[in-house]
Structures are given as structure tokens and as C-alpha cells.
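model_27.csv (CSV, C-alpha atoms)
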chain,number,residue,atom,x,y,z
A,1,MET,CA,-11.6,-11.7,-0.5
A,2,GLN,CA,-10.2,-14.1,2.0
A,3,ARG,CA,-8.0,-13.3,4.9
A,4,ILE,CA,-5.2,-11.0,3.8
A,5,THR,CA,-2.3,-13.2,4.8
A,6,THR,CA,-3.8,-16.6,5.0
A,7,VAL,CA,-5.3,-16.3,1.6
A,8,LEU,CA,-1.9,-17.7,0.5
A,9,ALA,CA,-2.3,-20.7,2.7
A,10,VAL,CA,-2.4,-22.8,-0.4
A,11,LEU,CA,1.2,-21.6,-0.9
A,12,ALA,CA,2.4,-22.6,2.6
A,13,PHE,CA,4.4,-25.5,1.2
A,14,PHE,CA,6.3,-22.9,-0.9
A,15,VAL,CA,7.3,-20.9,2.2
A,16,PHE,CA,8.8,-23.9,3.9
A,17,GLY,CA,10.0,-25.6,0.8
A,18,PRO,CA,13.5,-25.2,-0.6
A,19,LEU,CA,14.3,-21.8,-1.9
A,20,VAL,CA,16.4,-22.1,-5.1
A,21,ALA,CA,19.8,-20.4,-4.7
A,22,PHE,CA,21.1,-18.7,-7.8
A,23,SER,CA,23.9,-16.7,-6.2
A,24,ALA,CA,26.4,-17.1,-9.0
A,25,ASP,CA,23.9,-17.0,-11.8
A,26,TYR,CA,22.1,-14.1,-10.1
A,27,ASP,CA,25.3,-12.1,-9.9
A,28,ALA,CA,26.0,-12.8,-13.6
A,29,TRP,CA,22.5,-11.6,-14.5
A,30,LEU,CA,22.9,-8.4,-12.4
A,31,GLN,CA,26.1,-7.7,-14.1
A,32,ALA,CA,24.7,-8.2,-17.6
A,33,ALA,CA,21.6,-6.1,-16.7
A,34,GLU,CA,23.7,-3.4,-15.0
A,35,LEU,CA,21.6,-3.7,-11.8
A,36,GLY,CA,22.5,-3.9,-8.2
A,37,PRO,CA,26.2,-3.2,-7.6
A,38,TYR,CA,26.7,-2.9,-11.4
A,39,GLN,CA,24.2,-0.1,-11.9
A,40,PRO,CA,26.2,2.9,-13.4
A,41,ALA,CA,26.5,6.0,-11.4
A,42,VAL,CA,25.1,7.9,-14.4
A,43,GLU,CA,22.7,6.1,-16.6
A,44,ASP,CA,22.8,6.6,-20.4
A,45,TRP,CA,19.1,6.5,-21.3
A,46,ASP,CA,19.8,6.6,-25.0
A,47,ALA,CA,21.8,3.5,-24.8
A,48,ILE,CA,19.2,1.9,-22.5
A,49,TYR,CA,16.5,2.6,-25.1
A,50,GLU,CA,18.7,1.3,-27.9
A,51,ARG,CA,19.2,-2.0,-26.1
A,52,ALA,CA,15.5,-2.2,-25.0
A,53,GLN,CA,14.4,-2.2,-28.7
A,54,GLN,CA,16.2,-5.5,-29.1
A,55,GLU,CA,14.6,-7.2,-26.1
A,56,PRO,CA,11.6,-9.6,-26.0
A,57,PRO,CA,8.2,-8.3,-24.7
A,58,LEU,CA,8.3,-7.2,-21.0
A,59,LEU,CA,5.7,-8.8,-18.8
A,60,VAL,CA,4.3,-6.4,-16.2
A,61,TYR,CA,2.2,-7.6,-13.2
A,62,ALA,CA,0.3,-4.6,-11.8
A,63,HIS,CA,-2.4,-4.2,-9.2
A,64,THR,CA,-3.9,-1.2,-10.9
A,65,SER,CA,-5.8,-0.7,-14.2
A,66,ARG,CA,-4.1,2.6,-14.7
A,67,ILE,CA,-1.0,0.7,-15.8
A,68,PHE,CA,-2.5,0.4,-19.3
A,69,ASP,CA,-2.7,4.2,-19.9
A,70,ALA,CA,0.8,4.7,-18.4
A,71,VAL,CA,2.3,2.0,-20.6
A,72,GLU,CA,0.6,3.5,-23.7
A,73,GLU,CA,2.2,6.9,-22.8
A,74,LEU,CA,5.6,5.3,-22.5
A,75,LEU,CA,5.3,3.6,-25.9
A,76,GLU,CA,4.4,6.9,-27.5
A,77,ASP,CA,7.7,8.3,-26.3
A,78,TYR,CA,9.7,5.2,-26.9
A,79,PRO,CA,8.3,3.4,-30.1
A,80,GLY,CA,9.6,0.0,-30.7
A,81,LEU,CA,9.4,-1.3,-27.1
A,82,GLN,CA,7.3,-4.4,-26.4
A,83,ILE,CA,5.3,-4.4,-23.1
A,84,GLU,CA,2.5,-6.7,-22.0
A,85,ALA,CA,0.8,-5.4,-18.9
A,86,LEU,CA,-1.6,-7.5,-16.7
A,87,ASP,CA,-3.9,-6.0,-14.1
A,88,MET,CA,-4.8,-8.4,-11.2
A,89,PRO,CA,-5.1,-8.4,-7.4
A,90,GLY,CA,-1.9,-8.2,-5.5
A,91,GLN,CA,-2.4,-11.5,-3.8
A,92,GLU,CA,-2.8,-13.2,-7.2
A,93,ILE,CA,0.4,-11.5,-8.5
A,94,ILE,CA,2.3,-12.9,-5.5
A,95,GLU,CA,0.8,-16.3,-5.9
A,96,ARG,CA,1.6,-16.4,-9.6
A,97,VAL,CA,5.2,-15.2,-9.1
A,98,VAL,CA,5.8,-17.8,-6.4
A,99,ARG,CA,4.3,-20.6,-8.4
A,100,GLU,CA,6.3,-19.7,-11.6
A,101,TRP,CA,9.5,-19.1,-9.7
A,102,ASP,CA,9.4,-22.4,-7.9
A,103,ALA,CA,8.6,-24.1,-11.2
A,104,GLY,CA,11.8,-22.6,-12.7
A,105,ARG,CA,10.1,-19.9,-14.8
A,106,ARG,CA,11.5,-16.4,-14.9
A,107,ASP,CA,8.8,-14.6,-16.9
A,108,ILE,CA,8.0,-11.5,-14.8
A,109,GLY,CA,9.6,-8.3,-15.9
A,110,VAL,CA,8.2,-5.7,-13.5
A,111,ALA,CA,6.1,-6.1,-10.3
A,112,PHE,CA,4.0,-3.1,-9.4
A,113,MET,CA,1.8,-3.6,-6.3
A,114,ALA,CA,1.1,-3.1,-2.6
A,115,LEU,CA,1.2,-5.9,0.1
A,116,PRO,CA,4.8,-5.2,1.0
A,117,TRP,CA,4.6,-7.7,3.9
A,118,LEU,CA,3.9,-10.6,1.6
A,119,GLN,CA,6.6,-9.4,-0.8
A,120,HIS,CA,9.0,-9.5,2.2
A,121,GLU,CA,7.9,-13.0,3.2
A,122,LEU,CA,7.6,-14.6,-0.2
A,123,LEU,CA,9.4,-12.7,-3.0
A,124,LEU,CA,12.5,-11.2,-1.5
A,125,PRO,CA,13.8,-14.5,0.2
A,126,ARG,CA,13.6,-16.1,-3.3
A,127,GLN,CA,15.3,-13.2,-5.0
A,128,ALA,CA,12.3,-13.3,-7.3
A,129,VAL,CA,12.4,-9.5,-7.6
A,130,THR,CA,15.3,-7.1,-7.8
A,131,ARG,CA,15.6,-3.6,-6.4
A,132,TYR,CA,16.0,-0.9,-9.0
A,133,VAL,CA,16.0,2.9,-8.4
A,134,PRO,CA,16.7,5.3,-11.4
A,135,ARG,CA,19.7,7.4,-10.4
A,136,GLU,CA,17.9,10.6,-11.0
A,137,LEU,CA,15.1,9.6,-8.6
A,138,GLU,CA,17.6,8.2,-6.1
A,139,ALA,CA,19.1,11.7,-5.6
A,140,ARG,CA,15.7,13.2,-4.7
A,141,ILE,CA,14.1,10.8,-2.3
A,142,PRO,CA,15.0,9.4,1.2
A,143,ALA,CA,17.2,6.3,1.1
A,144,ALA,CA,14.7,4.6,3.4
A,145,ASP,CA,12.1,4.7,0.6
A,146,THR,CA,14.4,2.7,-1.7
A,147,GLU,CA,15.0,-0.3,0.6
A,148,PRO,CA,14.6,-3.2,0.3
A,149,LEU,CA,12.6,-2.2,-2.8
A,150,LEU,CA,11.7,1.1,-4.3
A,151,LYS,CA,8.4,2.5,-2.9
A,152,HIS,CA,6.4,4.0,-5.8
A,153,ARG,CA,3.7,5.7,-3.7
A,154,PHE,CA,2.0,5.8,-0.4
A,155,SER,CA,-1.7,5.0,0.2
A,156,ALA,CA,-3.4,6.3,3.3
A,157,SER,CA,-6.5,5.2,5.3
A,158,GLY,CA,-8.0,7.5,7.9
A,159,TRP,CA,-11.1,8.6,9.7
A,160,MET,CA,-13.7,10.7,7.9
A,161,TYR,CA,-16.6,12.9,8.9
A,162,ASN,CA,-19.5,14.6,7.1
A,163,ASP,CA,-18.2,18.2,6.6
A,164,ALA,CA,-21.7,19.3,5.7
A,165,ASN,CA,-22.6,18.8,9.3
A,166,PHE,CA,-19.3,19.8,11.0
A,167,ASP,CA,-16.5,22.2,10.2
A,168,SER,CA,-14.0,19.8,11.7
A,169,ALA,CA,-14.0,16.3,13.0
A,170,PRO,CA,-16.6,15.9,15.8
A,171,TRP,CA,-14.1,14.2,18.1
A,172,ASP,CA,-11.0,15.4,19.8
A,173,ASN,CA,-9.3,12.1,20.4
A,174,ILE,CA,-9.7,8.8,18.5
A,175,TRP,CA,-10.6,7.0,21.7
A,176,GLU,CA,-13.8,9.1,21.8
A,177,LEU,CA,-15.1,6.8,19.0
A,178,THR,CA,-15.3,4.0,21.6
A,179,THR,CA,-17.6,6.0,23.9
A,180,GLU,CA,-21.4,6.1,24.2
A,181,PRO,CA,-22.0,9.2,22.0
A,182,PHE,CA,-20.5,7.2,19.1
A,183,ARG,CA,-22.4,3.9,19.8
A,184,ASN,CA,-23.5,2.5,16.5
A,185,ARG,CA,-22.2,5.7,14.8
A,186,VAL,CA,-18.8,4.4,13.6
A,187,VAL,CA,-18.5,2.5,10.3
A,188,VAL,CA,-15.7,0.5,8.6
A,189,SER,CA,-15.6,-2.0,5.8
A,190,ASP,CA,-15.4,-5.7,6.6
A,191,ILE,CA,-12.0,-6.8,7.7
A,192,PHE,CA,-12.5,-10.0,5.7
A,193,GLY,CA,-13.7,-8.1,2.6
A,194,GLY,CA,-10.7,-6.1,1.5
A,195,ALA,CA,-7.3,-4.7,2.5
A,196,THR,CA,-8.4,-1.3,3.9
A,197,THR,CA,-9.6,-2.4,7.3
A,198,PRO,CA,-6.9,-5.0,8.2
A,199,THR,CA,-4.2,-2.6,7.0
A,200,HIS,CA,-5.5,0.3,9.0
A,201,PHE,CA,-6.0,-1.6,12.2
A,202,THR,CA,-2.6,-3.2,11.8
A,203,GLY,CA,-1.1,0.2,11.8
A,204,ILE,CA,-3.1,1.1,14.9
A,205,VAL,CA,-1.8,-2.0,16.7
A,206,GLN,CA,1.8,-1.4,15.5
A,207,PHE,CA,1.6,2.1,17.2
A,208,SER,CA,0.1,0.7,20.4
A,209,ASP,CA,2.4,2.9,22.5
A,210,GLU,CA,0.9,6.0,20.9
A,211,MET,CA,-2.6,4.6,21.4
A,212,GLU,CA,-1.8,4.1,25.0
A,213,ARG,CA,-0.7,7.7,25.4
A,214,LEU,CA,-3.8,8.9,23.6
A,215,TYR,CA,-5.9,6.8,25.9
A,216,GLU,CA,-4.4,8.4,29.0
A,217,ALA,CA,-4.8,11.9,27.5
A,218,PHE,CA,-8.5,11.3,26.9
A,219,PHE,CA,-9.6,9.2,29.9
A,220,GLY,CA,-7.1,10.6,32.4
A,221,GLU,CA,-6.0,7.2,33.6
A,222,PRO,CA,-3.8,4.2,32.5
A,223,ILE,CA,-5.5,1.8,30.1
A,224,GLU,CA,-7.0,-1.5,31.3
A,225,LEU,CA,-6.8,-4.3,28.8
A,226,HIS,CA,-9.6,-6.9,28.5
A,227,GLY,CA,-8.1,-10.0,26.9
A,228,THR,CA,-6.1,-8.0,24.4
A,229,ALA,CA,-2.3,-7.7,24.0
A,230,ASN,CA,-2.0,-4.0,23.8
A,231,ALA,CA,-3.7,-0.6,23.5
A,232,GLY,CA,-4.1,-1.0,19.7
A,233,GLU,CA,-6.0,-4.3,20.0
A,234,GLU,CA,-8.0,-2.9,22.9
A,235,PHE,CA,-9.1,0.0,20.7
A,236,VAL,CA,-10.4,-2.4,18.0
A,237,ARG,CA,-12.1,-4.5,20.6
A,238,ARG,CA,-13.9,-1.5,22.2
A,239,LEU,CA,-15.0,-0.2,18.8
A,240,LEU,CA,-16.6,-3.5,18.1
A,241,GLN,CA,-18.2,-3.6,21.5
A,242,ASN,CA,-19.5,-0.1,20.9
A,243,ASP,CA,-21.7,-1.6,18.1
A,244,MET,CA,-19.4,-0.4,15.3
A,245,ARG,CA,-21.1,-1.0,12.0
A,246,VAL,CA,-19.2,-3.4,9.7
A,247,LEU,CA,-20.2,-2.8,6.1
A,248,SER,CA,-19.4,-4.8,3.0
A,249,SER,CA,-17.3,-2.2,1.1
A,250,SER,CA,-15.7,1.2,1.2
A,251,ARG,CA,-18.4,2.4,-1.0
A,252,GLU,CA,-21.0,1.6,1.6
A,253,VAL,CA,-18.8,3.4,4.2
A,254,ALA,CA,-18.8,6.5,1.9
A,255,GLU,CA,-22.6,6.3,1.5
A,256,ALA,CA,-23.1,6.0,5.3
A,257,LEU,CA,-20.9,9.1,5.9
A,258,THR,CA,-22.7,11.1,3.2
A,259,ASN,CA,-26.1,10.3,4.7
A,260,SER,CA,-25.1,10.7,8.4
A,261,THR,CA,-26.4,13.3,10.8
A,262,GLY,CA,-24.9,14.2,14.2
A,263,PRO,CA,-21.5,12.8,15.4
A,264,PHE,CA,-20.5,10.1,13.0
A,265,ALA,CA,-17.2,8.6,11.9
A,266,GLY,CA,-16.1,6.3,9.1
A,267,MET,CA,-12.7,4.8,8.3
A,268,THR,CA,-11.8,4.5,4.6
A,269,VAL,CA,-9.0,5.2,2.1
A,270,TYR,CA,-8.0,8.7,1.3
A,271,SER,CA,-8.4,8.0,-2.4
A,272,ARG,CA,-12.2,7.8,-1.9
A,273,LEU,CA,-12.1,11.6,-2.0
A,274,ARG,CA,-12.1,11.2,-5.8
A,275,GLU,CA,-15.9,10.6,-5.6
A,276,VAL,CA,-16.3,13.5,-3.2
A,277,ALA,CA,-14.6,15.8,-5.7
A,278,ASP,CA,-17.1,14.5,-8.3
A,279,GLY,CA,-20.0,15.3,-6.1
A,280,VAL,CA,-21.0,11.6,-5.5
A,281,TYR,CA,-20.2,11.7,-1.7
A,282,GLN,CA,-19.9,14.2,1.1
A,283,PHE,CA,-17.2,13.8,3.6
A,284,ALA,CA,-13.7,15.1,4.6
A,285,VAL,CA,-10.7,13.5,6.2
A,286,ASP,CA,-9.7,14.3,9.8
A,287,THR,CA,-6.1,15.5,9.6
A,288,GLN,CA,-5.7,16.5,13.3
A,289,ASN,CA,-7.4,14.3,15.9
A,290,SER,CA,-6.9,10.7,14.5
A,291,PRO,CA,-4.0,9.0,12.8
A,292,VAL,CA,-3.7,8.3,9.1
A,293,VAL,CA,-2.2,4.9,8.5
A,294,VAL,CA,0.2,4.8,5.6
A,295,ALA,CA,1.0,1.7,3.5
A,296,TYR,CA,3.0,1.7,0.3
A,297,HIS,CA,3.3,0.2,-3.1
A,298,TYR,CA,6.6,-1.3,-4.3
A,299,ILE,CA,7.9,-1.4,-7.9
A,300,SER,CA,10.7,-3.7,-8.8
A,301,ILE,CA,12.2,-5.6,-11.6
A,302,GLY,CA,11.7,-9.4,-12.0
A,303,SER,CA,15.0,-11.2,-11.5
A,304,PHE,CA,16.4,-12.8,-14.6
A,305,THR,CA,14.1,-11.0,-16.9
A,306,GLU,CA,15.4,-10.9,-20.5
A,307,SER,CA,14.1,-7.3,-20.8
A,308,PRO,CA,15.9,-5.4,-18.1
A,309,ASN,CA,16.4,-2.3,-20.2
A,310,THR,CA,12.7,-2.1,-21.1
A,311,ALA,CA,12.0,-2.6,-17.4
A,312,LYS,CA,14.2,0.3,-16.5
A,313,LEU,CA,12.5,2.6,-18.9
A,314,LEU,CA,9.1,1.6,-17.5
A,315,VAL,CA,10.2,2.1,-13.9
A,316,ARG,CA,11.6,5.5,-14.7
A,317,HIS,CA,8.4,6.5,-16.4
A,318,LEU,CA,6.1,5.3,-13.7
A,319,THR,CA,8.1,7.1,-11.0
A,320,SER,CA,8.3,10.4,-12.9
A,321,GLU,CA,6.0,13.3,-12.3
A,322,GLU,CA,4.4,12.9,-15.7
A,323,GLY,CA,4.3,9.1,-15.9
A,324,GLY,CA,2.9,8.6,-12.5
A,325,HIS,CA,0.2,11.3,-12.7
A,326,TYR,CA,-2.5,8.6,-12.8
A,327,TRP,CA,-1.7,7.9,-9.1
A,328,TRP,CA,-0.4,11.2,-7.6
A,329,GLY,CA,-2.8,13.0,-5.4
A,330,ALA,CA,-5.2,10.2,-4.5
A,331,ASN,CA,-2.0,8.5,-3.4
A,332,PHE,CA,1.1,10.3,-2.2
A,333,PRO,CA,4.2,10.2,-4.5
A,334,VAL,CA,7.5,9.1,-3.0
A,335,ASP,CA,9.0,12.2,-4.5
A,336,THR,CA,7.4,15.0,-2.5
A,337,SER,CA,8.5,17.7,-5.0
A,338,TYR,CA,5.8,16.6,-7.5
A,339,ALA,CA,3.0,19.1,-8.1
A,340,LEU,CA,-0.5,17.9,-7.0
A,341,GLU,CA,-3.8,19.2,-8.3
A,342,GLU,CA,-7.2,19.8,-6.7
A,343,PRO,CA,-8.8,18.2,-4.8
A,344,PHE,CA,-5.7,16.3,-3.7
A,345,THR,CA,-3.4,19.0,-2.6
A,346,LEU,CA,-2.7,17.6,0.9
A,347,THR,CA,0.7,16.0,1.6
A,348,LEU,CA,1.5,13.7,4.4
A,349,ASP,CA,3.1,16.6,6.2
A,350,ASP,CA,-0.5,18.0,6.6
A,351,PHE,CA,-1.5,15.2,8.9
A,352,GLU,CA,-0.8,15.5,12.6
A,353,LYS,CA,-0.3,11.8,13.1
A,354,VAL,CA,1.2,9.7,10.3
A,355,TRP,CA,1.7,6.1,11.2
A,356,ARG,CA,3.6,4.0,8.7
A,357,ILE,CA,3.1,0.3,8.4
A,358,ASP,CA,6.1,-1.9,9.4
A,359,ALA,CA,6.0,-4.5,6.7
A,360,ASP,CA,8.3,-6.9,8.6
A,361,THR,CA,5.8,-7.4,11.4
A,362,ALA,CA,2.5,-6.7,9.6
A,363,SER,CA,1.6,-10.3,8.8
A,364,ASP,CA,1.7,-11.4,12.4
A,365,VAL,CA,-0.3,-8.4,13.6
A,366,MET,CA,-2.8,-8.8,10.9
A,367,ASP,CA,-3.2,-12.6,11.5
A,368,ARG,CA,-4.0,-12.0,15.1
A,369,LEU,CA,-6.5,-9.3,14.3
A,370,LEU,CA,-8.3,-11.6,11.8
A,371,ASP,CA,-8.3,-14.4,14.4
A,372,TYR,CA,-9.8,-12.2,17.2
A,373,TRP,CA,-12.2,-10.0,15.2
A,374,PRO,CA,-15.1,-12.5,15.3
A,375,ILE,CA,-14.5,-13.0,19.1
A,376,TRP,CA,-14.4,-9.3,19.9
A,377,ARG,CA,-17.4,-8.6,17.7

Show me the file's structure as C-alpha cells.
Amino acid sequence: MQRITTVLAVLAFFVFGPLVAFSADYDAWLQAAELGPYQPAVEDWDAIYERAQQEPPLLVYAHTSRIFDAVEELLEDYPGLQIEALDMPGQEIIERVVREWDAGRRDIGVAFMALPWLQHELLLPRQAVTRYVPRELEARIPAADTEPLLKHRFSASGWMYNDANFDSAPWDNIWELTTEPFRNRVVVSDIFGGATTPTHFTGIVQFSDEMERLYEAFFGEPIELHGTANAGEEFVRRLLQNDMRVLSSSREVAEALTNSTGPFAGMTVYSRLREVADGVYQFAVDTQNSPVVVAYHYISIGSFTESPNTAKLLVRHLTSEEGGHYWWGANFPVDTSYALEEPFTLTLDDFEKVWRIDADTASDVMDRLLDYWPIWR
């Protein structure tokens, strides 16, 4: 996979090109669809279902193969609905939506994916997607998790250790990973090979003030930067200078952790613990001494869709405890009241340091990391 943000360089002309303004038409569509300021205070789901049965097929773009099972469940409960789901990488979804939108097509019904920073840059300015939060869910979750679009779930990346060798993480401070005992004993997946590494280190850089405090707590002196802009970038540079191993995939990171002896650290996604539960790998996540970086997945309705009621039913289903069970646990539900099952019983409250990605600045931070990674390495 190419660079996370510049992979859409082919769309650069879209970003700077004219954005179609449909303010009057958009307001008329919102009113007809009962969305935005026209969403009822109490939603009549029987009436929504009745209208949905008269609508054309809903096209769903999702960055998850589990969408097919979730849609099948919904159709069992609501026969007569027509839904076509497509599973594709998030970058491809955004590229397709932008191309279709700028060509005057309004086909998308529901968008269900991560990469919120690209949605902020490319979809929201075009009004290509519309915020929708079922009223019953709105009453249970923080308002911040509904703006500018509804967050469906949180994904987390963090530092792992082999718990067959150690009862807890063999480091007391994340900066310890840049020291001699961890030379060539830290592994991550390639920053150019997927979203995990650039997303995690973007969070590290965005929390540079915290990284600076952790540095002083560990080394007992103020940090000295070496051609970097802040403590977060300096951490990445020092990891690379400490012969950090850069592997091709998160599976290779999991294998390295499983086969490790002595002090050893690997950064990967929390959902990799699925394979640990299945006995494929052996490692545990550090919840105390290093930060977990949290990104999120948006779910929204495609603006001007001719199937807004079907879209509402699908969003309601995917964000429910039952309809979202394919994701809960390995990812963290936005509604923290949902029951989680073994082995995923941790909540974000169980982590000492939870650093949430700021989507509005992520692209700039990520681009700089991608530019400097080969230099620091």
C-alpha cells in the first residue's frame, strides 16, 4: 500500500478543484429524508421500515468483510429491504466516492470505514456524506463521538510483549525502548505497508508534550532534539537509530513476539489478540507503561441517497449491541455499555495512557513521518 495520505495524489486535482455547492438542494433532501435538523426527536421505526421497503437498493461501501454477515442479519429481521454491500480498502472507498461525486453521481448509501482524516479533507467539504445518529444511541454516548460524523468503533494499536517470558511488560517507560538493552529488539510493521504504523506514530507525535514529560521522567533531563520537530518525532528517530526491525506485516510482528526471548517489544493492533486467543500467537498488550493510540471508524449516510430509510435501519443495526457484535471486543464500541466477551474484556478505561488521534491534523503529521522515515532509518 502506498503512503497513507499521498496515495490519493491522483485525486489532488479534486481537492483544489471546484466543490459543487448544493445548499438548497441539500436542505431539500435533508428535509425529505428527515435527517440533519429535520430528524424527529423520536423516530418511528415501523414507519421507517415501511418507507424503506419502497426504496431502491442501498449501496454500502465498507472497509470490512464482516459487513456481509451483518447485512444478512438485518435482512432476516427486516425482509423486503434491498442492500448491496461492497468490501474494499478505505482509500479506495474515498477515491471512488470523490470521483463519483465530482462526476455528478450520488450512488453511495452508507459509508463505513476508518481514515477519518481523509474523510475530513475530501468527503465532508463536499457534503458527500451526512451525519446520522439514531436517537436511541445519541442518548447513550458522548456528544463528541457523534461529530462531525458518528463514530462506530475505536481501534487501538499498542506495544506488546511475550507474556510467556514476562508477567508484565519488560519496560517501565516507553523511552526505554530506545536504549541499548532494546537494540534490535523492537519490531513494527513497515510504515509504507499498511495503516497501523503510520497511525500509531502519528498519535505519538500528536502527543509530543506527553512524550517530552515521559522522556524527562525516564532520563532525568530535558530532551535534546536531533533534526526533529518535537519529542514524538525524536522517539521515532531514536527507535530507528536503535536498529528497530521493520517487518512487512503485522503477522510478522506477531510471529516475532511469539518467538522472542528476553526483553522484546512489538507494536501492533489490539485486534491481533484474536489469534492469541486461538493459540496461534503468544503475546499480551501493555496497558500500563506505554500509550495505546486510538483511531476510529466513521459510519455515515451518503448525501442524496434515494434510500435514506434503508440507510437508517442499517446504521441502527450496525451500532446496536447485537448488530455490531462482529466488531465489538477486538475493537471498542462507542457505546461502552455493551457487553464484551473473552478474550476481549478490556475497555479503554483499562489503559493507563489512551491517546486519541486528532483527525484534523493527522494528515500533516503523517506526511512528515512518511517523508522523514527513510532519512531517520

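Proximity to A:Trp327 was assessed for A:Ser155, A:Thr261, A:Asn173, A:Ser168 counting all atoms listed in the file; the smallest distance is recorded for A:Ser155.
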
With a cut-off of 12 Å, could you pull out the residues of stretch 68-182 of chain A touching stretch 290-293 of chain A and give me the nearest pair of atoms for each, distance in Å to one decimal, using only C-alpha atoms, ordered by chain and ascending number, as CSV?
residue,atom,partner,partner_atom,distance
A:Phe154,CA,A:Val293,CA,9.9
A:Ser155,CA,A:Val293,CA,8.3
A:Ala156,CA,A:Val293,CA,5.5
A:Ser157,CA,A:Val293,CA,5.4
A:Gly158,CA,A:Val292,CA,4.5
A:Trp159,CA,A:Ser290,CA,6.7
A:Met160,CA,A:Ser290,CA,9.5
A:Tyr161,CA,A:Ser290,CA,11.4
A:Ser168,CA,A:Ser290,CA,11.9
A:Ala169,CA,A:Ser290,CA,9.2
A:Pro170,CA,A:Ser290,CA,11.1
A:Trp171,CA,A:Ser290,CA,8.8
A:Asp172,CA,A:Ser290,CA,8.2
A:Asn173,CA,A:Ser290,CA,6.5
A:Ile174,CA,A:Ser290,CA,5.2
A:Trp175,CA,A:Ser290,CA,8.9
A:Glu176,CA,A:Ser290,CA,10.2
A:Leu177,CA,A:Ser290,CA,10.1

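With only C-alpha atoms as the atoms that count, the minimum distance from A:Arg106 to the choices A:Arg126, A:Arg272, A:Arg245, A:Arg368 is reached by A:Arg126.
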
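Excluding A:Arg238 itself and any same-chain residue fewer than 5 positions from it, the protein and nucleic acid residues within 9 Å of it, counting only C-alpha atoms, are Leu177, Thr178, Thr179, Glu233, Asp243, Met244 and Trp376 of chain A.
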
Exercise for the section: Using atom CA of A:Glu43 and atom CA of A:Arg135 as the two end points, give the distance in Å to one decimal. Expected result: 7.0 Å

Fill in the blank from the handout: Using all atoms listed in the file, the residue out of A:Arg377, A:Arg356, A:Lys312, A:His63 with shortest distance to A:Arg51 is A:Lys312

Exercise for the section: Have a look at A:Leu313, A:Ala47, A:Leu257, A:Leu35 and name the one nearest to A:Tyr78; count only C-alpha atoms. Expected result: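 Comparing A:Leu313, A:Ala47, A:Leu257, A:Leu35 against A:Tyr78, the winner is A:Leu313.
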
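Once A:Tyr298 and its same-chain neighbours fewer than 5 positions away are set aside, A:Ala111, A:Phe112, A:Met113, A:Ala114, A:Leu115, A:Pro116, A:Gln119, A:Leu149, A:Leu150, A:Lys151, A:His152, A:Arg153 remain within 9 Å of it when counting only C-alpha atoms.
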
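Of the listed residues A:Ser320, A:Asn309, A:Thr228, A:Thr268, the one whose atoms come nearest to A:Gln82 is A:Asn309, with distances taken using only C-alpha atoms.
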
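Between A:Thr196 and the residues A:Ser300, A:Thr287, A:Val236, A:Val294, the shortest atom-to-atom distance, using only C-alpha atoms, involves A:Val294.
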
Practice task
Could you please determine the separation between atom CA of A:Arg99 and atom CA of A:Gln127 in Å, to one decimal place?
Solution key: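 We find that atom CA of A:Arg99 and atom CA of A:Gln127 lie 13.7 Å from each other.
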
With 6 Å on each side, where is the centre of the axis-aligned box around all listed atoms of stretch 365-375 of chain A, and how long are its edges in Å to one decimal, as JSON?
{"center_x": -7.7, "center_y": -11.4, "center_z": 15.0, "size_x": 26.8, "size_y": 18.0, "size_z": 20.2}

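If you look at atom CA of A:Gly109 and atom CA of A:Glu136, they are 21.2 Å away from each other.
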
Handout entry: Spatial neighbours of A:Val186, max dist 6 Å, only C-alpha atoms, sep filter under 2 positions, as a PyMOL selection string
Key = chain A and resi 184+244+264-266

Practice task
For A:Glu224, please output as a PyMOL selection string all residues within 12 Å (counting only C-alpha atoms; exclusion window: fewer than 6 positions along the same chain).
Solution key: chain A and resi 212+215-216+230-235+238

Exercise for the section: Pick out the residues sitting within 9 Å of A:Asn165, and hand them over as a list in words; count all atoms listed in the file, and ignore anything fewer than 6 positions along from it in its own chain. Expected result: Ser260, Thr261, Gly262 and Pro263 of chain A
